[in-house]
Structure formats: C-alpha cells, structure tokens
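Following: one structure in structure tokens, then a few remarks.
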Amino acid sequence: NNNPLKSTTLDPELVLPYVEWGATNIYYDTYQLGVATVIPYAQYLSSEDDGDRYMYRDGYTTSGLWLPYYTRVLKNVKEVTEVVKNQPESTRTLQLLRIMNAYNTASITDDYGDIPYSDAGTGNGQAKYDTQKDVYYNIFKELTDAVNILSSDLKNQKTIPSDADYIYGADFTKWIKFANSLRLRYAIRLSFIDPNKAKEEGEAALAAGVMSSTTDGA
C-alpha cells in the first residue's frame with residue numbers, strides 16, 4: 001500500500017526548522033539526557049543524578065547527544081545537499097543547514113573525540129570514524145564555504161519564511177556573522193594544539209566579520 005499523504009519530494013525550506021531544532025538540542029528529553037546529565041561530569045554543576053557520581057549510563061550519552069545528531073541533523077543535511085544539486089533555487093537554504101551542521105558537529109566531536117563523519121548519514125551502517133583533527137578542519141571548510149556562498153550574488157533563490165528560521169528570521173547578514181563567530185570560536189579551541197591553523201582561521205574569521213552586539217546573538 002502507498003500512503004497518498006506522504007510527500008515524494010524533499011523541500012529544503014521545510015527541513016531547515018527541523019534541523020535548527022535538532023542541532024540546538026533544546027527538546028526537553030534530549031537536553032535532559034545529554035546536556036544536563038553530562039554537565040555534572042565536568043563538575044560545572046552539582047546534582048543527585050548519576051553524572052555527578054561519575055556513573056556512566058550509555059542511554060544518556062547516546063540518546064541525548066549522539067543519536068539526535070546523526071538522525072535529526074547530519075542525515076537531513078546530507079540529503080538536502082543531494083537535492084540541491086537539482087534544485088539550485090535552494091542553494092541559500094543549504095548554507096544555513098551547513099552552518100547548523102558545523103555547529104552541532106563541533107559539539108559532538110568535543111564530547112566524543114573521533115566520530116563517524118565523512119561516511120555517516122548516508123545509510124552506511126559501518127561508517128568509518130574520522131579523526132577529530134579532520135573533523136575540525138572540515139568544520140572550518142564548511143563554515144568558510146557557507147559564508148562565501150551567502151555573500152555572493154545568488155539569483156532566483158527561494159524565499160525562506162521568517163517563521164521557518166527560528167534563529168535569525170532569514171536575516172542572512174546575521175547568519176554570516178554567526179558562521180564567522182563559530183569559526184573564531186573553534187579556532188580558539190585549537191590554539192594550544194594547532195596554533196598555526198588556529199591563527200589562520202581566527203584571523204580570517206575576524207576579517208570576515210563576527211558578532212559585534214547582543215542583537216547578533218543566536
């Protein structure tokens with residue numbers, strides 16, 4: 001039987017809000033299992049939960065952080081990337097998705113180290129693990145490419161409804177600042193272990209324009 005109500009096409013503009021929701025990990029269940037439970041491991045907060053007693057629970061770290069990234073974010077971004085090859089009018093939307101994916105990817109590799117990345121999100125159940133260095137270098141590339149494309153003179157692009165972009169209401173100037181600010185943030189994280197790369201990326205991000213006021217906040 002075929003479901004007559006099931007969509008047969010993928011609309012990148014409708015995927016955007018779902019990926020934003022997934023990448024920011026604000027859903028109460030995944031936030032509780034992931035962020036709020038892992039924080040006590042680092043002793044930033046104290047609680048009576050397992051994390052505060054260094055008791056590892058696989059369901060927390062996989063259900064709260066790992067699975068949402070792969071099922072809600074990376075998979076959808078890779079699918080949209082393929083769709084946009086035949087739908088260039090959604091090129092601008094794809095860049096917002098790439099920025100959100102970079103944001104979430106950095107969080108996951110900071111939590112886990114080496115992660116499945118280049119082969120992940122494609123249906124490959126045996127996706128190889130990429131080194132954290134390679135993941136970080138790719139994050140810089142994704143952010144840089146996304147900014148360059150958003151800054152270019154794109155023609156005949158689909159309009160993104162402002163209420164479909166939970167973060168900036170389709171304000172692309174702020175998206176560019178956000179991406180550059182993430183680039184600077186991740187460069188700082190590398191400063192003690194890869195100072196040359198950190199300097200290169202950090203200076204480029206500053207030159208491209210980062211957040212300058214609270215109104216730029218994501």
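Residue numbering restarts at 1 in every chain; chains get A, B, ... in the order shown in the structure tokens, and ligands count up from 1 in that same order.
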
As a count of residues only, please: the residues near Asp130 (chain A) (cut-off 7 Å, only C-alpha atoms, same-chain neighbours under 3 positions excluded).
6

Sel. of helix (DSSP H, G or I) residues, region 128-192 of chain A, as a ChimeraX atom specification
/A:132-150,162-164,172-189

Just give me the gap between CA of Ala208 (chain A) and CA of Asn101 (chain A) in Å, one decimal is fine.
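Answer for the CA of Ala208 (chain A) to CA of Asn101 (chain A) separation: 20.2 Å.
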
Quick one: everything within 12 Å of Leu143 (chain A), counting only C-alpha atoms, minus sequence neighbours fewer than 3 positions away in the same chain. Send it as a PyMOL selection string.
chain A and resi 94-103+105-106+136-140+146-150+175-187+201+204-205+208

Could you tell me which of A:Tyr129, A:Phe192, A:Tyr69, A:Tyr166 comes closest to Pro17 (chain A) if we count only C-alpha atoms?
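For Pro17 (chain A), the nearest of the candidates is A:Tyr166.
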
From A:Pro12, A:Gly59, A:Pro4, A:Gly64, residue lying nearest Gln32 (chain A) [only C-alpha atoms]
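With only C-alpha atoms as the atom set, the closest residue is A:Gly64.
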
Could you pull out all residues of region 33-136 of chain A with a DSSP call of strand (DSSP E) and give them as a list of chain:residue names?
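Selecting the strand (DSSP E) positions of region 33-136 of chain A gives A:Ile115, A:Pro116, A:Tyr129, A:Asp130.
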
For a test of reading the model, state the distance in Å between CA of Asn156 (chain A) and CA of Glu89 (chain A), rounded to one decimal.
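Rounded to one decimal, the two atoms are 5.9 Å apart.
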
Between CA of Gly209 (chain A) and CA of Thr173 (chain A), distance in Å (one decimal):
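For CA of Gly209 (chain A) relative to CA of Thr173 (chain A), the distance reads 9.9 Å.
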